[in-house]
Structures are given as C-alpha cells and as structure tokens.
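File shown here: data-v9.txt, holding compact mmCIF, C-alpha atoms.
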```txt
# COMPACT_ATOMS: atom_id res chain seq x y z
CA MET Q 1 109.47 14.46 -3.46
CA ILE Q 2 107.65 11.68 -5.23
CA PRO Q 3 105.85 12.88 -8.35
CA ASP Q 4 103.04 10.30 -8.32
CA SER Q 5 102.92 8.00 -5.32
CA ASN Q 6 100.24 5.82 -6.90
CA SER Q 7 102.60 4.70 -9.66
CA TYR Q 8 104.43 2.14 -7.49
CA PHE Q 9 103.23 -1.21 -6.17
CA SER Q 10 104.12 -2.77 -2.80
CA VAL Q 11 105.15 -6.27 -1.84
CA PRO Q 12 104.86 -8.12 1.48
CA HIS Q 13 108.27 -8.43 3.12
CA ASN Q 14 109.65 -8.39 6.68
CA PHE Q 15 112.22 -5.71 7.51
CA ASN Q 16 113.34 -3.35 10.26
CA ALA Q 17 112.63 0.37 10.38
CA TYR Q 18 113.40 3.10 12.90
CA LEU Q 19 111.14 6.14 13.33
CA SER Q 20 111.95 9.56 14.79
CA PRO Q 21 109.29 12.29 14.88
CA TRP Q 22 110.01 15.08 12.38
CA ASP Q 23 109.19 18.64 13.39
CA THR Q 24 107.06 20.02 10.55
CA ALA Q 25 107.83 23.58 11.68
CA GLN Q 26 111.22 23.23 10.01
CA GLY Q 27 109.62 22.07 6.75
CA LEU Q 28 110.62 19.02 4.71
CA PRO Q 29 114.33 18.79 3.85
CA THR Q 30 115.50 19.39 0.30
CA GLU Q 31 117.24 16.55 -1.50
CA ASP Q 32 120.65 18.06 -0.62
CA GLU Q 33 119.66 18.46 3.04
CA LEU Q 34 118.45 14.85 3.09
CA LYS Q 35 121.82 13.71 1.71
CA ASP Q 36 123.60 15.75 4.42
CA MET Q 37 121.49 14.02 7.10
CA GLN Q 38 122.74 10.56 6.04
CA SER Q 39 125.40 8.86 8.13
CA VAL Q 40 128.79 8.18 6.56
CA GLY Q 41 127.95 4.47 6.38
CA LEU Q 42 124.67 5.12 4.56
CA LYS Q 43 126.41 7.41 2.06
CA LEU Q 44 129.10 4.77 1.53
CA LEU Q 45 126.57 1.97 0.89
CA THR Q 46 124.65 4.15 -1.60
CA GLU Q 47 127.85 5.08 -3.43
CA VAL Q 48 129.06 1.46 -3.57
CA LYS Q 49 125.71 0.25 -4.97
CA SER Q 50 125.67 3.04 -7.56
CA LEU Q 51 129.23 2.23 -8.73
CA GLU Q 52 128.35 -1.46 -8.87
CA VAL Q 53 125.34 -0.88 -11.13
CA ASN Q 54 127.34 1.26 -13.56
CA CYS Q 55 130.23 -1.22 -13.76
CA LEU Q 56 128.01 -4.25 -14.24
CA LEU Q 57 126.07 -2.52 -17.01
CA GLN Q 58 129.30 -1.83 -18.89
CA LEU Q 59 130.52 -5.41 -18.43
CA ARG Q 60 127.24 -6.83 -19.76
CA ASN Q 61 127.94 -5.15 -23.07
CA LEU Q 62 131.00 -7.38 -23.52
CA ASP Q 63 130.79 -10.79 -25.20
CA ASN Q 64 129.58 -14.02 -23.57
CA ASP Q 65 132.97 -14.72 -21.97
CA ALA Q 66 132.33 -11.81 -19.61
CA LYS Q 67 129.32 -13.57 -18.01
CA ALA Q 68 131.49 -15.52 -15.56
CA VAL Q 69 133.34 -12.32 -14.62
CA VAL Q 70 130.03 -10.46 -14.14
CA ASP Q 71 128.65 -13.27 -11.93
CA PHE Q 72 131.83 -13.29 -9.84
CA LEU Q 73 131.80 -9.50 -9.43
CA LYS Q 74 128.11 -9.61 -8.44
CA LEU Q 75 128.97 -12.11 -5.72
CA GLN Q 76 131.87 -9.98 -4.46
CA SER Q 77 129.72 -6.87 -4.55
CA ARG Q 78 126.94 -8.58 -2.60
CA LYS Q 79 129.44 -9.58 0.11
CA VAL Q 80 130.60 -5.97 0.46
CA ASP Q 81 126.98 -4.73 0.54
CA LEU Q 82 126.05 -7.26 3.23
CA VAL Q 83 128.98 -6.29 5.43
CA LEU Q 84 128.22 -2.57 5.04
CA GLN Q 85 124.54 -3.09 5.82
CA HIS Q 86 125.36 -5.21 8.88
CA VAL Q 87 127.74 -2.55 10.20
CA LEU Q 88 125.15 0.15 9.52
CA GLU Q 89 122.38 -1.53 11.46
CA LYS Q 90 124.70 -2.33 14.37
CA GLU Q 91 125.31 1.41 14.80
CA VAL Q 92 123.31 3.05 17.57
CA GLN Q 93 119.97 3.64 15.87
CA GLU Q 94 118.05 6.87 16.22
CA GLY Q 95 114.34 6.49 16.91
CA GLN Q 96 111.99 3.67 17.86
CA GLN Q 97 112.24 0.30 16.14
CA VAL Q 98 109.19 -1.03 14.30
CA LYS Q 99 108.62 -4.13 12.19
CA GLY Q 100 108.04 -3.49 8.52
CA ASN Q 101 105.78 -5.91 6.65
CA GLN Q 102 105.31 -4.31 3.21
CA PHE Q 103 107.28 -1.88 1.04
CA GLY Q 104 107.36 -0.33 -2.39
CA GLY Q 105 108.50 2.77 -4.21
CA SER Q 106 105.86 4.97 -2.60
CA GLY Q 107 105.83 3.90 1.04
CA ILE Q 108 105.95 1.24 3.73
CA SER Q 109 103.55 -0.64 5.96
CA ILE Q 110 104.62 -1.36 9.55
CA THR Q 111 103.48 -3.02 12.77
CA SER Q 112 104.17 -0.92 15.84
CA SER Q 113 103.75 -1.31 19.60
CA PHE Q 114 102.73 2.37 19.76
CA ALA Q 115 100.16 4.42 17.87
CA LEU Q 116 101.21 6.98 15.25
CA ASN Q 117 99.11 10.04 14.53
CA VAL Q 118 97.80 10.38 10.98
CA GLY Q 119 99.43 13.35 9.27
CA GLU Q 120 102.61 13.27 11.37
CA TYR Q 121 106.01 13.08 9.70
CA HIS Q 122 108.85 10.79 10.76
CA LYS Q 123 112.49 10.54 9.81
CA THR Q 124 112.67 6.87 8.85
CA HIS Q 125 115.59 4.47 8.47
CA ILE Q 126 114.73 1.33 6.49
CA TYR Q 127 116.80 -1.89 6.39
CA LEU Q 128 115.83 -4.64 3.91
CA HIS Q 129 118.29 -7.43 4.77
CA THR Q 130 117.64 -9.96 2.03
CA GLU Q 131 117.67 -7.29 -0.68
CA VAL Q 132 120.63 -5.42 0.89
CA VAL Q 133 118.94 -2.02 0.98
CA ALA Q 134 119.51 0.60 3.68
CA LEU Q 135 118.15 4.12 3.39
CA MET Q 136 116.83 7.16 5.22
CA CYS Q 137 113.81 9.23 4.22
CA ILE Q 138 110.96 11.34 5.58
CA CYS Q 139 107.57 9.61 5.76
CA GLN Q 140 104.07 10.79 6.55
CA VAL Q 141 101.60 8.61 8.45
CA ILE Q 142 98.51 8.14 6.28
CA GLU Q 143 96.76 5.42 8.32
CA CYS Q 144 97.14 3.78 11.74
CA THR Q 145 94.69 1.20 13.05
CA PRO Q 146 94.78 -1.14 16.07
CA ILE Q 147 95.25 -4.83 15.40
CA ASP Q 148 93.10 -7.36 17.29
CA LYS Q 149 95.09 -8.52 20.26
CA ASN Q 150 95.24 -11.43 22.67
CA ASP Q 151 94.40 -10.63 26.29
CA ASP Q 152 98.01 -11.22 27.33
CA LEU Q 153 99.53 -8.81 24.80
CA ASP Q 154 99.64 -5.06 24.48
CA THR Q 155 97.86 -3.48 21.53
CA LEU Q 156 99.73 -3.50 18.25
CA TRP Q 157 99.16 -0.96 15.50
CA HIS Q 158 99.19 -1.42 11.74
CA CYS Q 159 100.36 1.81 10.08
CA GLN Q 160 100.81 2.97 6.50
CA LEU Q 161 103.54 5.52 5.83
CA GLU Q 162 104.00 7.36 2.56
CA PHE Q 163 107.34 8.77 1.41
CA SER Q 164 107.30 12.58 1.58
CA GLN Q 165 110.99 13.13 0.87
CA ILE Q 166 113.28 10.42 -0.45
CA LEU Q 167 116.27 10.37 -2.80
CA GLU Q 168 115.62 9.25 -6.38
CA ASP Q 169 118.40 6.62 -6.04
CA ASP Q 170 116.63 5.20 -2.99
CA ILE Q 171 113.29 4.98 -4.84
CA GLU Q 172 115.12 3.11 -7.59
CA GLN Q 173 116.62 0.72 -5.01
CA LEU Q 174 113.19 0.07 -3.49
CA VAL Q 175 111.55 -0.51 -6.87
CA LYS Q 176 114.30 -2.98 -7.88
CA ALA Q 177 114.05 -4.70 -4.49
CA SER Q 178 110.24 -4.98 -4.76
CA LEU Q 179 110.57 -6.53 -8.23
CA ALA Q 180 113.17 -9.00 -6.89
CA VAL Q 181 110.91 -9.95 -3.96
CA GLN Q 182 107.94 -10.39 -6.30
CA GLN Q 183 110.02 -12.57 -8.62
CA LYS Q 184 111.06 -14.78 -5.68
CA MET Q 185 107.43 -15.06 -4.54
CA LEU Q 186 106.28 -16.07 -8.03
CA LYS Q 187 109.09 -18.63 -8.33
CA LYS Q 188 108.20 -20.13 -4.93
CA ARG Q 189 104.51 -20.24 -5.88
CA LYS Q 190 105.31 -22.01 -9.16
CA GLN Q 191 107.46 -24.58 -7.29
CA ASN Q 192 104.58 -25.24 -4.86
CA ILE Q 193 102.12 -25.71 -7.74
CA ASP Q 194 104.56 -28.09 -9.48
CA LYS Q 195 104.90 -30.13 -6.25
CA GLN Q 196 101.13 -30.41 -5.88
CA ARG Q 197 100.76 -31.68 -9.43
CA ARG Q 198 103.23 -34.50 -8.88
```

Would you mind writing the file out in structure tokens?
Amino acid sequence: MIPDSNSYFSVPHNFNAYLSPWDTAQGLPTEDELKDMQSVGLKLLTEVKSLEVNCLLQLRNLDNDAKAVVDFLKLQSRKVDLVLQHVLEKEVQEGQQVKGNQFGGSGISITSSFALNVGEYHKTHIYLHTEVVALMCICQVIECTPIDKNDDLDTLWHCQLEFSQILEDDIEQLVKASLAVQQKMLKKRKQNIDKQRR
C-alpha cells in the first residue's frame, strides 16, 4: 500500500495500460501475493533492473576511468530492458487496453473507450516504452468523466486511477521515470526558448 498518495507528482506521458476488474470480495493482495501474480517476464525485468541499479552504483564509486565503462554498461542494460519489455507486451495481454496520458508514483490518468465506475478496483498492467518500465498493480478508480466528442466518434472517458497495491520497487521505478520525463520536458522547453531568442 502507498503510505501517502499525495506525496508524488505526475507528468504527462503517453503509454499503454491494460485493465481487468478486480473482485473486491477477495480483498486486496498482499505484497507477496502481488509478486506471485506477476508473469515470469515481469519478474525477470524487475530483477534485471534491480541488479543493474546496484551494479551501476558500485561502479560509480570507482575513479573517473570507470565512467566510460558505466556508460557502456548502461547502454547494454538499456538494450536488454527494451528487448524484455517488447517481449512482455507482445504476450497475450489480460484485460482491456486503454491509453495512458499521465503517470506518477501515486497513480495514472487514462483515456478509455468505456466508462469505469468510481470506487472499482482493477488489476492494471502498465507499459512505459520510452522509460522502459513494465509493471502490474491494483488500482482504484477515483474519477471518470466523459470527454467532449465529435458526432462521428463514440464517447471517450478520462479516468483517474490511484494505486491501491503496488510493489515498492515499482513505485521507485515510476518516480525515477517521472523525474526523467520531467527533465526531458524541461530540456525541450529550454531549447525552444533558446530558438525563439535567436
């Protein structure tokens, strides 16, 4: 469970998510039960990313000559992560696909072709391609409102989901990814301002 969901910020970002209704009669899973629910691929990606972080931290403590080695290992690690994530998402996905448009350490915001009921829980798989994050958690719908539509299109729904049960490692991944996305946005904004001044 998340101790204080208001302590994390969210960033706009496009990603894929898959939702499956969660029967509240069985209660929320414990952290161990949530780990057991993960596919082998998801467990493998989490383990690889955890090992990578530990190794890179140790290498950074070496002298300046290690920087080239660290950069090379980061590149190799990213390639492995990308392949694992690609394989994971190509697996037959459980649940209905929705388009994510914002995420953070406390929840996600999605656009859906179907309405979600406030208060309902969903087992949720999240795939952030550019940040190479794939995870599974239990979310609760806290808001779902229709989006203005064109006459030719079906109604779309904008929904906010809050994490109800998520692994601590996955929160850490999301927080790091949200910081990376924010940093990229700030860099792009600065470049645009610099271009306008020229």

Legend entry - Contact residues around segment 15-31 of chain Q with only C-alpha atoms at 10 Å, ignoring same-chain residues under 6 positions, as a PyMOL selection string: chain Q and resi 1+37+89+93-103+108+110+116+120-131+134-140+164-168

For C-alpha atoms, I'd like the residues from the last selection saved as an mmCIF file, keeping the file's coordinate frame.
```cif
data_model
loop_
_atom_site.group_PDB
_atom_site.id
_atom_site.type_symbol
_atom_site.label_atom_id
_atom_site.label_comp_id
_atom_site.auth_asym_id
_atom_site.auth_seq_id
_atom_site.Cartn_x
_atom_site.Cartn_y
_atom_site.Cartn_z
ATOM 1 C CA MET Q 1 109.470 14.460 -3.460
ATOM 2 C CA MET Q 37 121.490 14.020 7.100
ATOM 3 C CA GLU Q 89 122.380 -1.530 11.460
ATOM 4 C CA GLN Q 93 119.970 3.640 15.870
ATOM 5 C CA GLU Q 94 118.050 6.870 16.220
ATOM 6 C CA GLY Q 95 114.340 6.490 16.910
ATOM 7 C CA GLN Q 96 111.990 3.670 17.860
ATOM 8 C CA GLN Q 97 112.240 0.300 16.140
ATOM 9 C CA VAL Q 98 109.190 -1.030 14.300
ATOM 10 C CA LYS Q 99 108.620 -4.130 12.190
ATOM 11 C CA GLY Q 100 108.040 -3.490 8.520
ATOM 12 C CA ASN Q 101 105.780 -5.910 6.650
ATOM 13 C CA GLN Q 102 105.310 -4.310 3.210
ATOM 14 C CA PHE Q 103 107.280 -1.880 1.040
ATOM 15 C CA ILE Q 108 105.950 1.240 3.730
ATOM 16 C CA ILE Q 110 104.620 -1.360 9.550
ATOM 17 C CA LEU Q 116 101.210 6.980 15.250
ATOM 18 C CA GLU Q 120 102.610 13.270 11.370
ATOM 19 C CA TYR Q 121 106.010 13.080 9.700
ATOM 20 C CA HIS Q 122 108.850 10.790 10.760
ATOM 21 C CA LYS Q 123 112.490 10.540 9.810
ATOM 22 C CA THR Q 124 112.670 6.870 8.850
ATOM 23 C CA HIS Q 125 115.590 4.470 8.470
ATOM 24 C CA ILE Q 126 114.730 1.330 6.490
ATOM 25 C CA TYR Q 127 116.800 -1.890 6.390
ATOM 26 C CA LEU Q 128 115.830 -4.640 3.910
ATOM 27 C CA HIS Q 129 118.290 -7.430 4.770
ATOM 28 C CA THR Q 130 117.640 -9.960 2.030
ATOM 29 C CA GLU Q 131 117.670 -7.290 -0.680
ATOM 30 C CA ALA Q 134 119.510 0.600 3.680
ATOM 31 C CA LEU Q 135 118.150 4.120 3.390
ATOM 32 C CA MET Q 136 116.830 7.160 5.220
ATOM 33 C CA CYS Q 137 113.810 9.230 4.220
ATOM 34 C CA ILE Q 138 110.960 11.340 5.580
ATOM 35 C CA CYS Q 139 107.570 9.610 5.760
ATOM 36 C CA GLN Q 140 104.070 10.790 6.550
ATOM 37 C CA SER Q 164 107.300 12.580 1.580
ATOM 38 C CA GLN Q 165 110.990 13.130 0.870
ATOM 39 C CA ILE Q 166 113.280 10.420 -0.450
ATOM 40 C CA LEU Q 167 116.270 10.370 -2.800
ATOM 41 C CA GLU Q 168 115.620 9.250 -6.380
#
```

Legend entry - Closest of Q:Tyr8, Q:Asp169, Q:Gly105, Q:His13 to Gln182 of chain Q - atom-to-atom distances counting all atoms listed in the file: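 Closest candidate: Q:His13.
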
Legend entry - Pick from Q:Thr145, Q:Val118, Q:Gly104, Q:Pro12, whichever lies nearest to Ala177 of chain Q using only C-alpha atoms: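 So, comparing all the options, the nearest one is Q:Gly104.
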
Legend entry - Distance in Å - atom CA of Gln160 of chain Q versus atom CA of Gly119 of chain Q: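 If I compute the distance from atom CA of Gln160 of chain Q to atom CA of Gly119 of chain Q, I get 10.8 Å.
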
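You can rank Q:Ile193, Q:Phe163, Q:Asp154, Q:Ser106 by their closest distance to Phe9 of chain Q using all atoms listed in the file, and at the top of that list sits Q:Ser106.
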
Inset, instruction - Go ahead and compute the interatomic distance for atom CA of Lys35 of chain Q and atom CA of Ser178 of chain Q, in Å to one decimal. - result: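 The value is 22.9 Å.
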
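Pairwise distance (atom CA of Val181 of chain Q, atom CA of Gln38 of chain Q) equals 25.7 Å.
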
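Residue nearest Leu156 of chain Q, chosen from Q:Cys144, Q:Val11, Q:Met185, Q:Val133 and counting all atoms listed in the file: Q:Cys144.
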
Legend entry - Nearest candidate to Ile171 of chain Q (options Q:Cys159, Q:Asn117, Q:Glu47, Q:Gly107; using all atoms listed in the file):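 Nearest to Ile171 of chain Q: Q:Gly107.
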
With 4 Å of padding per side, what axis-aligned box (centre and edge lengths, Å, one decimal) covers all the listed atoms of segment 183-197 of chain Q? Give it as AutoDock Vina command-line options.
```
--center_x 105.9 --center_y -22.1 --center_z -7.0 --size_x 18.3 --size_y 27.1 --size_z 12.9
```

Legend entry - Among the residues Q:Ser39, Q:Gln183, Q:Thr111, Q:Ser10, the one that comes closest to Thr155 of chain Q [using only C-alpha atoms]: Q:Thr111

Keeping just C-alpha atoms, export segment 116-164 of chain Q of this structure as a short mmCIF file (atom, residue, chain, number, x, y, z; two decimals), in the first residue's frame.
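For reference, decode03.cif as written:
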```cif
data_model
loop_
_atom_site.label_atom_id
_atom_site.label_comp_id
_atom_site.auth_asym_id
_atom_site.auth_seq_id
_atom_site.Cartn_x
_atom_site.Cartn_y
_atom_site.Cartn_z
CA LEU Q 116 -15.19 2.94 -15.33
CA ASN Q 117 -17.16 3.09 -12.10
CA VAL Q 118 -15.70 5.25 -9.34
CA GLY Q 119 -14.61 3.07 -6.42
CA GLU Q 120 -13.98 -0.05 -8.53
CA TYR Q 121 -10.62 -1.80 -8.42
CA HIS Q 122 -8.70 -3.05 -11.46
CA LYS Q 123 -5.65 -5.23 -11.89
CA THR Q 124 -3.53 -2.96 -14.08
CA HIS Q 125 -0.54 -3.64 -16.31
CA ILE Q 126 1.42 -0.50 -17.23
CA TYR Q 127 4.00 -0.21 -20.05
CA LEU Q 128 6.07 2.99 -20.34
CA HIS Q 129 8.09 2.38 -23.53
CA THR Q 130 10.47 5.32 -23.56
CA GLU Q 131 11.34 4.88 -19.89
CA VAL Q 132 11.46 1.05 -20.15
CA VAL Q 133 9.08 0.39 -17.27
CA ALA Q 134 6.64 -2.53 -17.13
CA LEU Q 135 4.68 -3.36 -14.00
CA MET Q 136 1.47 -4.77 -12.57
CA CYS Q 137 -0.53 -3.29 -9.69
CA ILE Q 138 -4.04 -2.89 -8.31
CA CYS Q 139 -5.68 0.50 -8.92
CA GLN Q 140 -8.88 2.12 -7.72
CA VAL Q 141 -10.92 4.40 -9.97
CA ILE Q 142 -11.24 7.79 -8.25
CA GLU Q 143 -12.73 9.78 -11.15
CA CYS Q 144 -14.20 9.07 -14.59
CA THR Q 145 -15.70 11.80 -16.77
CA PRO Q 146 -16.83 11.85 -20.42
CA ILE Q 147 -14.71 13.80 -22.88
CA ASP Q 148 -16.42 16.05 -25.45
CA LYS Q 149 -16.75 14.07 -28.62
CA ASN Q 150 -17.22 14.62 -32.34
CA ASP Q 151 -20.51 13.39 -33.79
CA ASP Q 152 -18.70 10.65 -35.71
CA LEU Q 153 -16.91 9.18 -32.69
CA ASP Q 154 -18.01 7.15 -29.71
CA THR Q 155 -17.72 8.75 -26.28
CA LEU Q 156 -14.30 8.65 -24.69
CA TRP Q 157 -13.73 8.74 -20.95
CA HIS Q 158 -10.98 10.43 -18.95
CA CYS Q 159 -10.30 8.44 -15.78
CA GLN Q 160 -8.02 8.85 -12.78
CA LEU Q 161 -6.77 5.69 -11.09
CA GLU Q 162 -4.94 5.61 -7.79
CA PHE Q 163 -2.56 2.82 -6.79
CA SER Q 164 -4.10 0.68 -4.04
#
```
